[in-house]
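Printed here is entry24.tsv (TSV, C-alpha atoms):
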```
chain	number	residue	atom	x	y	z
A	10	MET	CA	0.00	0.00	0.00
A	11	THR	CA	1.37	3.43	-0.89
A	12	VAL	CA	1.64	6.33	1.51
A	13	GLU	CA	-1.10	8.12	-0.41
A	14	SER	CA	-3.52	5.26	0.20
A	15	ALA	CA	-2.57	4.68	3.83
A	16	THR	CA	-5.26	5.10	6.47
A	17	ASN	CA	-4.64	8.44	8.19
A	18	LEU	CA	-4.93	8.78	11.94
A	19	GLU	CA	-3.60	10.82	14.81
A	20	VAL	CA	-2.38	7.84	16.87
A	21	VAL	CA	-1.80	4.16	16.28
A	22	VAL	CA	-1.75	1.93	19.36
A	23	ILE	CA	0.03	-1.38	18.72
A	24	GLY	CA	-1.17	-4.17	20.99
A	25	ALA	CA	-4.43	-4.76	22.89
A	26	GLY	CA	-3.13	-6.20	26.12
A	27	GLN	CA	-3.47	-4.40	29.43
A	28	ALA	CA	-1.15	-1.52	28.52
A	29	GLY	CA	-2.69	-0.98	25.07
A	30	LEU	CA	-6.25	-0.98	26.36
A	31	SER	CA	-5.32	1.41	29.16
A	32	ALA	CA	-3.75	3.78	26.62
A	33	ALA	CA	-6.81	3.53	24.37
A	34	TYR	CA	-9.17	4.25	27.26
A	35	HIS	CA	-7.25	7.38	28.22
A	36	LEU	CA	-6.93	8.57	24.61
A	37	ARG	CA	-10.69	8.44	24.33
A	38	ARG	CA	-11.16	10.22	27.64
A	39	ARG	CA	-8.98	13.01	26.31
A	40	GLY	CA	-11.28	13.51	23.33
A	41	LEU	CA	-9.67	11.42	20.58
A	42	ARG	CA	-12.34	9.71	18.50
A	43	PRO	CA	-12.25	5.92	18.02
A	44	PHE	CA	-11.55	4.98	14.39
A	45	ASP	CA	-11.51	8.66	13.36
A	46	ASP	CA	-8.44	9.66	15.38
A	47	PHE	CA	-6.96	6.39	16.63
A	48	VAL	CA	-7.08	2.62	16.36
A	49	VAL	CA	-5.63	-0.26	18.34
A	50	LEU	CA	-3.98	-2.93	16.18
A	51	ASP	CA	-3.88	-6.38	17.77
A	52	ALA	CA	-2.16	-9.47	16.37
A	53	ASP	CA	-4.31	-11.97	18.27
A	54	ASP	CA	-7.53	-13.43	16.92
A	55	ALA	CA	-9.44	-12.60	20.10
A	56	PRO	CA	-9.27	-10.27	23.12
A	57	GLY	CA	-7.21	-11.11	26.18
A	58	GLY	CA	-3.60	-10.31	25.38
A	59	ALA	CA	-1.14	-12.87	26.73
A	60	TRP	CA	-3.70	-14.21	29.22
A	61	GLN	CA	-5.46	-16.24	26.52
A	62	HIS	CA	-2.25	-18.22	25.97
A	63	ARG	CA	-1.66	-19.21	29.60
A	64	PRO	CA	-1.88	-22.89	30.57
A	65	PRO	CA	-5.32	-24.16	31.61
A	66	THR	CA	-3.91	-25.11	35.02
A	67	LEU	CA	-3.28	-21.46	35.97
A	68	THR	CA	-6.36	-20.60	38.00
A	69	MET	CA	-7.37	-17.18	39.27
A	70	ALA	CA	-6.27	-18.25	42.75
A	71	MET	CA	-2.76	-18.85	41.43
A	72	VAL	CA	-2.42	-15.67	39.34
A	73	HIS	CA	0.64	-13.75	40.49
A	74	GLY	CA	-1.01	-10.35	40.74
A	75	PHE	CA	-3.56	-8.72	38.45
A	76	HIS	CA	-4.63	-5.07	38.46
A	77	GLU	CA	-8.03	-4.07	37.10
A	78	LEU	CA	-8.26	-2.06	33.90
A	79	PRO	CA	-9.20	1.62	34.31
A	80	ASP	CA	-12.85	2.16	35.23
A	81	ALA	CA	-13.62	-1.57	35.17
A	82	PRO	CA	-13.93	-3.41	38.50
A	83	LEU	CA	-13.25	-7.12	38.13
A	84	PRO	CA	-16.45	-8.96	39.12
A	85	PRO	CA	-16.32	-11.59	41.88
A	86	LEU	CA	-14.93	-14.79	40.39
A	87	ALA	CA	-14.52	-18.36	41.52
A	88	PRO	CA	-10.84	-18.86	42.37
A	89	GLN	CA	-10.73	-22.27	40.65
A	90	LEU	CA	-11.59	-20.85	37.20
A	91	PRO	CA	-8.77	-20.83	34.61
A	92	ALA	CA	-7.26	-17.38	34.15
A	93	ARG	CA	-7.09	-17.92	30.40
A	94	ASP	CA	-10.90	-18.11	30.32
A	95	VAL	CA	-11.77	-15.43	32.87
A	96	LEU	CA	-9.43	-12.60	31.92
A	97	PRO	CA	-9.97	-12.69	28.14
A	98	GLN	CA	-13.71	-12.41	28.80
A	99	TYR	CA	-12.99	-9.42	31.03
A	100	PHE	CA	-10.84	-7.83	28.31
A	101	ALA	CA	-13.51	-8.48	25.66
A	102	ALA	CA	-16.19	-6.83	27.81
A	103	TYR	CA	-13.86	-3.88	28.37
A	104	GLU	CA	-13.29	-3.34	24.66
A	105	ARG	CA	-17.02	-3.55	24.05
A	106	ASP	CA	-18.23	-1.45	26.99
A	107	HIS	CA	-15.77	1.36	26.32
A	108	GLU	CA	-16.18	1.12	22.52
A	109	LEU	CA	-12.46	0.88	21.93
A	110	PRO	CA	-11.39	0.72	18.26
A	111	VAL	CA	-9.54	-2.59	18.29
A	112	VAL	CA	-8.80	-4.05	14.86
A	113	ARG	CA	-7.73	-7.69	14.73
A	114	PRO	CA	-6.03	-9.82	13.72
A	115	VAL	CA	-3.45	-7.37	12.37
A	116	THR	CA	0.28	-8.03	12.53
A	117	VAL	CA	2.52	-4.96	12.46
A	118	THR	CA	5.61	-5.60	10.35
A	119	SER	CA	7.38	-2.24	10.67
A	120	VAL	CA	7.09	1.37	11.75
A	121	ARG	CA	9.11	4.02	9.93
A	122	ALA	CA	9.23	7.77	9.51
A	123	LEU	CA	8.15	9.16	6.16
A	124	SER	CA	11.06	11.59	6.10
A	125	ALA	CA	14.01	12.79	8.16
A	126	ASP	CA	11.90	15.69	9.40
A	127	PRO	CA	11.29	15.05	13.13
A	128	GLN	CA	7.72	16.30	12.63
A	129	SER	CA	6.97	13.92	9.75
A	130	LEU	CA	4.29	11.27	9.92
A	131	LEU	CA	5.02	7.72	10.97
A	132	LEU	CA	3.95	4.85	8.73
A	133	THR	CA	2.85	1.66	10.48
A	134	GLU	CA	2.96	-1.19	7.96
A	135	THR	CA	0.94	-4.34	8.60
A	136	ASP	CA	-0.27	-7.48	6.90
A	137	HIS	CA	-3.57	-5.64	6.32
A	138	GLY	CA	-2.35	-2.35	4.89
A	139	SER	CA	-0.65	0.75	6.25
A	140	PHE	CA	-1.58	3.42	8.77
A	141	SER	CA	-0.05	6.90	8.89
A	142	SER	CA	-0.08	8.80	12.17
A	143	ARG	CA	1.61	11.57	14.08
A	144	ALA	CA	2.36	9.30	17.05
A	145	ILE	CA	2.35	5.67	18.05
A	146	ILE	CA	1.93	3.97	21.40
A	147	ASN	CA	3.66	0.61	21.32
A	148	ALA	CA	2.15	-1.95	23.71
A	149	THR	CA	3.37	-5.23	22.26
A	150	GLY	CA	4.69	-6.64	25.53
A	151	THR	CA	6.97	-9.68	25.59
A	152	TRP	CA	4.85	-12.83	25.20
A	153	THR	CA	5.73	-13.36	21.53
A	154	ARG	CA	9.48	-13.28	22.25
A	155	PRO	CA	10.32	-16.09	24.68
A	156	PHE	CA	14.01	-16.18	25.58
A	157	LEU	CA	15.76	-19.53	25.25
A	158	PRO	CA	19.44	-19.54	26.26
A	159	ARG	CA	21.96	-21.57	24.33
A	160	TYR	CA	23.89	-24.38	26.00
A	161	PRO	CA	26.42	-26.84	24.59
A	162	GLY	CA	24.71	-30.05	23.52
A	163	MET	CA	21.14	-28.69	23.31
A	164	GLU	CA	20.69	-30.03	19.81
A	165	ARG	CA	21.57	-33.57	20.96
A	166	PHE	CA	18.96	-33.82	23.74
A	167	ARG	CA	16.45	-36.58	22.96
A	168	GLY	CA	13.85	-35.63	25.55
A	169	ARG	CA	11.21	-32.90	25.54
A	170	MET	CA	12.49	-29.33	25.60
A	171	LEU	CA	10.15	-26.34	25.80
A	172	HIS	CA	9.89	-22.76	26.97
A	173	SER	CA	7.48	-22.01	29.79
A	174	SER	CA	5.24	-20.15	27.31
A	175	ALA	CA	4.48	-23.52	25.68
A	176	TYR	CA	3.75	-25.28	28.99
A	177	GLN	CA	0.18	-26.61	29.10
A	178	GLY	CA	0.12	-28.42	32.42
A	179	PRO	CA	1.88	-31.25	34.28
A	180	GLU	CA	0.12	-34.31	32.90
A	181	GLU	CA	2.45	-34.75	29.92
A	182	PHE	CA	5.36	-35.16	32.38
A	183	ARG	CA	3.69	-37.68	34.70
A	184	GLY	CA	6.09	-40.31	35.99
A	185	GLY	CA	9.18	-38.70	34.46
A	186	THR	CA	11.96	-36.40	35.57
A	187	VAL	CA	11.55	-32.71	34.76
A	188	LEU	CA	14.28	-30.07	34.97
A	189	VAL	CA	12.91	-26.52	35.45
A	190	VAL	CA	15.33	-23.70	34.65
A	191	GLY	CA	14.61	-20.22	36.02
A	192	GLY	CA	14.04	-18.34	39.27
A	193	GLY	CA	10.85	-16.37	38.65
A	194	ALA	CA	7.13	-16.83	39.20
A	195	SER	CA	6.70	-19.04	36.12
A	196	ALA	CA	9.32	-21.51	37.33
A	197	ILE	CA	7.66	-21.71	40.74
A	198	GLN	CA	4.24	-22.25	39.16
A	199	ILE	CA	5.57	-25.12	37.03
A	200	LEU	CA	7.39	-26.70	39.97
A	201	ALA	CA	4.24	-26.50	42.09
A	202	GLU	CA	2.34	-28.49	39.47
A	203	THR	CA	4.85	-30.94	38.08
A	204	ALA	CA	6.24	-31.97	41.48
A	205	ALA	CA	2.87	-33.58	42.22
A	206	VAL	CA	3.19	-35.99	39.28
A	207	ALA	CA	6.90	-36.22	38.47
A	208	ARG	CA	10.40	-35.97	39.92
A	209	THR	CA	11.59	-32.38	39.57
A	210	LEU	CA	14.96	-30.63	39.55
A	211	TRP	CA	15.24	-26.86	39.88
A	212	VAL	CA	18.12	-24.86	38.42
A	213	THR	CA	18.70	-21.09	38.70
A	214	ARG	CA	21.51	-18.72	37.77
A	215	ARG	CA	21.54	-17.10	41.22
A	216	PRO	CA	20.38	-18.42	44.61
A	217	PRO	CA	16.70	-17.47	45.03
A	218	VAL	CA	15.67	-14.97	47.69
A	219	PHE	CA	12.50	-16.01	49.52
A	220	ARG	CA	10.44	-13.28	51.14
A	221	GLU	CA	8.41	-13.91	54.26
A	222	GLU	CA	5.92	-11.14	53.42
A	223	ARG	CA	2.85	-12.37	51.59
A	224	PHE	CA	2.74	-9.15	49.58
A	225	VAL	CA	5.76	-7.19	48.45
A	226	PRO	CA	5.97	-4.05	50.61
A	227	GLU	CA	5.49	-0.72	48.88
A	228	GLU	CA	9.11	0.21	49.50
A	229	LEU	CA	10.32	-2.99	47.86
A	230	GLY	CA	8.07	-2.43	44.85
A	231	ARG	CA	9.43	1.08	44.42
A	232	ALA	CA	12.99	-0.25	44.60
A	233	ALA	CA	12.25	-2.83	41.90
A	234	VAL	CA	10.68	-0.26	39.58
A	235	ALA	CA	13.57	2.13	40.20
A	236	MET	CA	16.09	-0.58	39.29
A	237	VAL	CA	14.40	-1.32	35.97
A	238	ALA	CA	13.84	2.37	35.24
A	239	GLU	CA	17.53	3.09	35.81
A	240	ARG	CA	18.51	0.48	33.23
A	241	VAL	CA	15.99	1.82	30.74
A	242	ARG	CA	17.20	5.39	31.21
A	243	ALA	CA	20.71	4.15	30.52
A	244	GLY	CA	19.62	2.53	27.25
A	245	LEU	CA	20.06	-1.03	28.53
A	246	PRO	CA	17.55	-3.83	27.97
A	247	PRO	CA	15.02	-4.17	30.83
A	248	ALA	CA	16.01	-6.79	33.39
A	249	SER	CA	14.01	-9.05	35.67
A	250	VAL	CA	13.04	-7.50	38.99
A	251	VAL	CA	12.96	-10.80	40.87
A	252	SER	CA	16.47	-10.19	42.22
A	253	VAL	CA	15.07	-7.12	44.02
A	254	THR	CA	11.59	-8.29	44.95
A	255	GLY	CA	12.51	-11.88	45.73
A	256	LEU	CA	9.90	-14.63	45.80
A	257	PRO	CA	6.94	-13.90	48.10
A	258	PRO	CA	4.96	-16.80	49.63
A	259	SER	CA	2.44	-17.06	46.80
A	260	PRO	CA	0.06	-20.05	46.66
A	261	ALA	CA	2.32	-21.64	44.05
A	262	LEU	CA	5.44	-21.24	46.16
A	263	LEU	CA	3.72	-22.62	49.25
A	264	ARG	CA	2.55	-25.62	47.23
A	265	ALA	CA	6.02	-26.19	45.78
A	266	ARG	CA	7.48	-26.03	49.29
A	267	GLU	CA	4.87	-28.48	50.53
A	268	LEU	CA	5.94	-30.88	47.75
A	269	ASP	CA	9.61	-30.42	48.71
A	270	ALA	CA	10.39	-29.07	45.23
A	271	LEU	CA	12.47	-26.02	46.17
A	272	HIS	CA	15.93	-27.55	46.34
A	273	ARG	CA	17.76	-25.21	44.02
A	274	LEU	CA	20.79	-26.32	42.00
A	275	PRO	CA	23.31	-24.08	40.21
A	276	LEU	CA	23.41	-23.90	36.44
A	277	PHE	CA	24.71	-26.98	34.66
A	278	GLU	CA	27.57	-26.82	32.17
A	279	ARG	CA	26.23	-28.78	29.22
A	280	ILE	CA	23.37	-30.90	27.93
A	281	THR	CA	23.72	-34.50	26.80
A	282	GLU	CA	21.41	-36.79	24.85
A	283	THR	CA	19.74	-37.92	28.08
A	284	GLY	CA	20.29	-35.16	30.62
A	285	VAL	CA	22.57	-32.45	31.96
A	286	VAL	CA	26.09	-32.32	33.40
A	287	TRP	CA	27.50	-29.88	35.93
A	288	ALA	CA	31.05	-28.52	35.98
A	289	ASP	CA	32.07	-30.96	38.72
A	290	GLY	CA	31.04	-33.91	36.54
A	291	HIS	CA	27.76	-34.64	38.33
A	292	GLU	CA	25.14	-35.81	35.82
A	293	GLU	CA	21.38	-36.13	36.00
A	294	ALA	CA	19.17	-37.96	33.52
A	295	VAL	CA	15.99	-36.01	32.71
A	296	ASP	CA	13.02	-36.58	30.44
A	297	ALA	CA	12.17	-32.93	29.89
A	298	ILE	CA	13.70	-29.48	30.28
A	299	VAL	CA	11.36	-26.53	30.82
A	300	TRP	CA	13.02	-23.17	30.27
A	301	ALA	CA	11.29	-20.62	32.52
A	302	THR	CA	13.87	-18.11	31.37
A	303	GLY	CA	11.67	-15.13	30.63
A	304	PHE	CA	10.99	-13.02	27.58
A	305	ARG	CA	12.43	-10.14	25.62
A	306	ALA	CA	10.54	-7.02	24.54
A	307	ALA	CA	8.73	-7.48	21.20
A	308	VAL	CA	9.97	-4.30	19.53
A	309	GLY	CA	11.60	-5.59	16.33
A	310	HIS	CA	9.02	-3.78	14.18
A	311	LEU	CA	10.37	-0.48	15.54
A	312	ALA	CA	13.87	-1.16	14.17
A	313	PRO	CA	13.52	1.27	11.19
A	314	LEU	CA	13.17	4.13	13.67
A	315	GLY	CA	16.66	3.56	15.09
A	316	LEU	CA	15.60	3.77	18.73
A	317	ARG	CA	18.11	1.36	20.24
A	318	GLU	CA	21.14	2.58	22.16
A	319	PRO	CA	24.62	0.97	22.00
A	320	GLY	CA	23.73	-0.95	25.16
A	321	GLY	CA	20.97	-2.78	23.28
A	322	GLY	CA	17.92	-1.18	24.89
A	323	ILE	CA	15.65	1.74	24.08
A	324	ARG	CA	16.41	4.73	26.29
A	325	MET	CA	13.22	6.13	27.77
A	326	ASP	CA	12.04	9.44	29.20
A	327	GLY	CA	8.92	8.34	31.02
A	328	THR	CA	6.96	6.46	28.35
A	329	GLN	CA	8.59	8.39	25.52
A	330	ALA	CA	11.46	6.99	23.46
A	331	ALA	CA	14.32	9.41	24.08
A	332	ARG	CA	15.36	9.33	20.42
A	333	ASP	CA	11.87	10.04	19.05
A	334	PRO	CA	9.13	11.99	20.88
A	335	ARG	CA	6.52	10.59	18.48
A	336	VAL	CA	7.01	7.11	19.93
A	337	HIS	CA	5.80	5.91	23.32
A	338	LEU	CA	6.33	2.46	24.81
A	339	VAL	CA	4.02	1.07	27.48
A	340	GLY	CA	4.33	-2.30	29.14
A	341	TYR	CA	8.08	-1.90	28.61
A	342	GLY	CA	10.65	-1.87	31.38
A	343	PRO	CA	9.24	-0.44	34.63
A	344	SER	CA	5.68	-0.50	33.27
A	345	ALA	CA	5.69	-4.23	32.50
A	346	SER	CA	3.53	-5.16	35.52
A	347	THR	CA	-0.24	-4.92	35.28
A	348	ILE	CA	-0.44	-1.91	37.61
A	349	GLY	CA	2.53	-0.34	35.83
A	350	ALA	CA	0.86	-0.91	32.47
A	351	ASN	CA	-2.25	0.97	33.61
A	352	ARG	CA	-0.23	3.94	34.80
A	353	ALA	CA	1.94	3.97	31.69
A	354	GLY	CA	-1.11	3.83	29.44
A	355	ARG	CA	-2.47	6.97	31.07
A	356	ALA	CA	0.90	8.73	31.01
A	357	ALA	CA	1.40	7.92	27.33
A	358	ALA	CA	-2.09	9.14	26.42
A	359	VAL	CA	-1.50	12.43	28.24
A	360	ALA	CA	1.90	12.94	26.56
A	361	VAL	CA	0.59	12.02	23.10
A	362	ASP	CA	-2.37	14.37	23.46
A	363	ARG	CA	0.01	17.22	24.30
A	364	HIS	CA	2.18	16.32	21.31
A	365	LEU	CA	-0.84	16.30	18.98
A	366	ARG	CA	-1.93	19.72	20.14
A	367	GLY	CA	1.42	21.12	19.12
A	368	GLY	CA	1.21	20.55	15.34
A	369	PRO	CA	-0.98	20.00	12.26
A	370	ARG	CA	-3.37	17.05	12.20
A	371	SER	CA	-2.35	14.08	10.08
A	372	SER	CA	-5.68	14.08	8.23
A	373	ALA	CA	-4.87	17.57	6.99
A	374	LEU	CA	-1.52	16.30	5.70
A	375	LEU	CA	-2.67	13.23	3.79
A	376	GLY	CA	-6.47	13.41	3.68
A	377	ALA	CA	-7.51	9.78	3.22
A	378	ASP	CA	-10.50	7.80	4.50
A	379	LEU	CA	-10.50	6.08	7.87
A	380	PRO	CA	-11.00	2.37	8.70
A	381	ALA	CA	-14.50	1.00	8.81
A	382	ARG	CA	-15.97	-0.05	12.15
A	383	ALA	CA	-16.73	-3.43	10.59
A	384	HIS	CA	-13.04	-4.26	10.92
A	385	ALA	CA	-13.15	-4.11	14.70
A	386	GLY	CA	-12.72	-7.32	16.59
```

Give the structure from this file in structure tokens form.
Amino acid sequence: MTVESATNLEVVVIGAGQAGLSAAYHLRRRGLRPFDDFVVLDADDAPGGAWQHRPPTLTMAMVHGFHELPDAPLPPLAPQLPARDVLPQYFAAYERDHELPVVRPVTVTSVRALSADPQSLLLTETDHGSFSSRAIINATGTWTRPFLPRYPGMERFRGRMLHSSAYQGPEEFRGGTVLVVGGGASAIQILAETAAVARTLWVTRRPPVFREERFVPEELGRAAVAMVAERVRAGLPPASVVSVTGLPPSPALLRARELDALHRLPLFERITETGVVWADGHEEAVDAIVWATGFRAAVGHLAPLGLREPGGGIRMDGTQAARDPRVHLVGYGPSASTIGANRAGRAAAVAVDRHLRGGPRSSALLGADLPARAHAG
């Protein structure tokens, strides 16, 4: 699609997870018109963000923290219901009740500036055409970019090897030996389930820090956010905050402890056809390796904008990319939690609205038609 035939908007929001919906809600509250001034492009077939891809064994009772979307109290729910059923329904109702202009499924392939002029329009290219806008709010999260480290011998392993994002419950491991790699909430959740039906081994890069407090104190939460924010301001990739927050006694951790599954081992040196070997020569045979090793930010489509710093990350000033004031990232770095995503969505909407008020409207620059409501998911 040519620039002349691109759909012209004021703002394109990329991603309809928690951060994207929060941004869309606040854009509308600030007077931007759905479909006329902004759209939300979502790659999934249905509402729910990453929640729709969680394993069926993750119940609402086991969810490691969830913050309600703006102006949408979460109704009372049975704790045994799967989160991947409950929360997508909640997201779908939110999109509908607030008449948010979500268009799906649309995969964004790239975002680029139309010229070197810092006031030029941005062109968001997708598998369903192009969208020009004066600003974008990127809310693509991390779920589509699972991180799998490389170890000598991985290609020779004859057992099952998967990232935690592909984990669908413990039954497929029944009666075997499962090695779980990682020190975060996902690893604990998997240990809590698989230890009931299989022999488990737990490996982490650093010794885990267990917190006695059931909820992370406010001071600890601020310290974690500050740590991530400092890295982002320095242009480094966001890091996990678990080394600051530690592991609180969540239901999953208490269950894993009850099953005696929290005997942490250091990282192994290599992988064999049948298991893993440590530096001291100790070897364990395993049937499966589950890599609960986290995710990386899904921002490859922003590469044409040249936002990355030499350190590998995108330097941020609040939600704004330091290298380009037209670009805001939410659900990135310190706003990756659900409560952080809500706050970042509001902050980005406020900043974008101010930016839009400072220059000519994109419709005046290109003057094309806008997307039909029939495209909304």

Counting only C-alpha atoms, closest pick from A:His107, A:His76, A:Arg63, A:Arg38 relative to Ala350 of chain A is A:His76

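Here atom CA of Ser31 of chain A stands at a distance of 19.4 Å from atom CA of Asp54 of chain A.
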
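In this structure, atom CA of Leu311 of chain A sits 21.5 Å away from atom CA of Leu36 of chain A.
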
Val308 of chain A surroundings by only C-alpha atoms, 10 Å radius, close-in-sequence under 3 positions cut, as an MDAnalysis selection string = chainID A and resid 119 147:151 154 305 311:312 316:317 323 338 341

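Here the question is which of A:Leu276, A:Ala358, A:Ala265, A:Val286 gets nearest to Val212 of chain A using all atoms listed in the file, and that residue is A:Leu276.
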
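In this model, the gap between atom CA of Val189 of chain A and atom CA of Glu221 of chain A comes to 23.1 Å.
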
Shell of 6 Å around Val49 of chain A, all atoms listed in the file, local chain residues under 5 positions omitted, as a VMD selection string | chain A and resid 22 to 23 110 to 111

Same residues, C-alpha atoms, saved as a PDB file, keeping the file's coordinate frame:
```pdb
ATOM      1  CA  VAL A  22      -1.750   1.930  19.360  1.00  0.00           C
ATOM      2  CA  ILE A  23       0.030  -1.380  18.720  1.00  0.00           C
ATOM      3  CA  PRO A 110     -11.390   0.720  18.260  1.00  0.00           C
ATOM      4  CA  VAL A 111      -9.540  -2.590  18.290  1.00  0.00           C
TER       5      VAL A 111
END
```

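Proximity to Leu130 of chain A was assessed for A:Asp51, A:Asp289, A:Glu267, A:Glu19 counting only C-alpha atoms; the smallest distance is recorded for A:Glu19.
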
Nearest to Asp326 of chain A among A:Leu271, A:Leu90, A:Ala207, A:Ala353, with distances taken over all atoms listed in the file: which residue is it?
-> A:Ala353

Closest to Arg273 of chain A among A:Gly168, A:Pro217, A:Gly340, A:Gly178, using only C-alpha atoms?
->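 Distance minimum relative to Arg273 of chain A lands on A:Pro217.
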
Tell me, as number ranges by chain, which residues lie within 12 Å of Thr135 of chain A, counting only C-alpha atoms; anything in the same chain fewer than 2 positions away does not count.
-> A: 10, 15-16, 21, 23, 50-52, 112-121, 132-133, 137-141, 310

Using all atoms listed in the file, find the one residue out of A:Tyr99, A:Phe219, A:Phe44, A:Phe277 that sits nearest to Ala194 of chain A.
->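 Of A:Tyr99, A:Phe219, A:Phe44, A:Phe277, the one nearest Ala194 of chain A, counting all atoms listed in the file, is A:Phe219.
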
Name all residues at most 10 Å from Pro275 of chain A (count all atoms listed in the file; drop same-chain ones fewer than 3 positions away) and give them as an NGL selection string.
-> :A and (190 or 211-216 or 278 or 287-288)

With C-alpha atoms retained, write the just-selected residues as a PDB file, keeping the file's coordinate frame.
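Output file part_3.pdb is given in full below:
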```pdb
ATOM      1  CA  VAL A 190      15.330 -23.700  34.650  1.00  0.00           C
ATOM      2  CA  TRP A 211      15.240 -26.860  39.880  1.00  0.00           C
ATOM      3  CA  VAL A 212      18.120 -24.860  38.420  1.00  0.00           C
ATOM      4  CA  THR A 213      18.700 -21.090  38.700  1.00  0.00           C
ATOM      5  CA  ARG A 214      21.510 -18.720  37.770  1.00  0.00           C
ATOM      6  CA  ARG A 215      21.540 -17.100  41.220  1.00  0.00           C
ATOM      7  CA  PRO A 216      20.380 -18.420  44.610  1.00  0.00           C
ATOM      8  CA  GLU A 278      27.570 -26.820  32.170  1.00  0.00           C
ATOM      9  CA  TRP A 287      27.500 -29.880  35.930  1.00  0.00           C
ATOM     10  CA  ALA A 288      31.050 -28.520  35.980  1.00  0.00           C
TER      11      ALA A 288
END
```

Which residues, written as a PDB file with C-alpha atoms, keeping the file's coordinate frame, have at least one atom at most 10 Å from Gly284 of chain A, with all atoms listed in the file counted and residues fewer than 2 positions away on the same chain left out?
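Okay, part31.pdb is ready:
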```pdb
ATOM      1  CA  GLY A 162      24.710 -30.050  23.520  1.00  0.00           C
ATOM      2  CA  MET A 163      21.140 -28.690  23.310  1.00  0.00           C
ATOM      3  CA  ARG A 165      21.570 -33.570  20.960  1.00  0.00           C
ATOM      4  CA  PHE A 166      18.960 -33.820  23.740  1.00  0.00           C
ATOM      5  CA  ARG A 167      16.450 -36.580  22.960  1.00  0.00           C
ATOM      6  CA  GLY A 168      13.850 -35.630  25.550  1.00  0.00           C
ATOM      7  CA  THR A 186      11.960 -36.400  35.570  1.00  0.00           C
ATOM      8  CA  VAL A 187      11.550 -32.710  34.760  1.00  0.00           C
ATOM      9  CA  LEU A 188      14.280 -30.070  34.970  1.00  0.00           C
ATOM     10  CA  ARG A 279      26.230 -28.780  29.220  1.00  0.00           C
ATOM     11  CA  ILE A 280      23.370 -30.900  27.930  1.00  0.00           C
ATOM     12  CA  THR A 281      23.720 -34.500  26.800  1.00  0.00           C
ATOM     13  CA  GLU A 282      21.410 -36.790  24.850  1.00  0.00           C
ATOM     14  CA  VAL A 286      26.090 -32.320  33.400  1.00  0.00           C
ATOM     15  CA  GLU A 292      25.140 -35.810  35.820  1.00  0.00           C
ATOM     16  CA  GLU A 293      21.380 -36.130  36.000  1.00  0.00           C
ATOM     17  CA  ALA A 294      19.170 -37.960  33.520  1.00  0.00           C
ATOM     18  CA  VAL A 295      15.990 -36.010  32.710  1.00  0.00           C
ATOM     19  CA  ASP A 296      13.020 -36.580  30.440  1.00  0.00           C
ATOM     20  CA  ALA A 297      12.170 -32.930  29.890  1.00  0.00           C
ATOM     21  CA  ILE A 298      13.700 -29.480  30.280  1.00  0.00           C
TER      22      ILE A 298
END
```
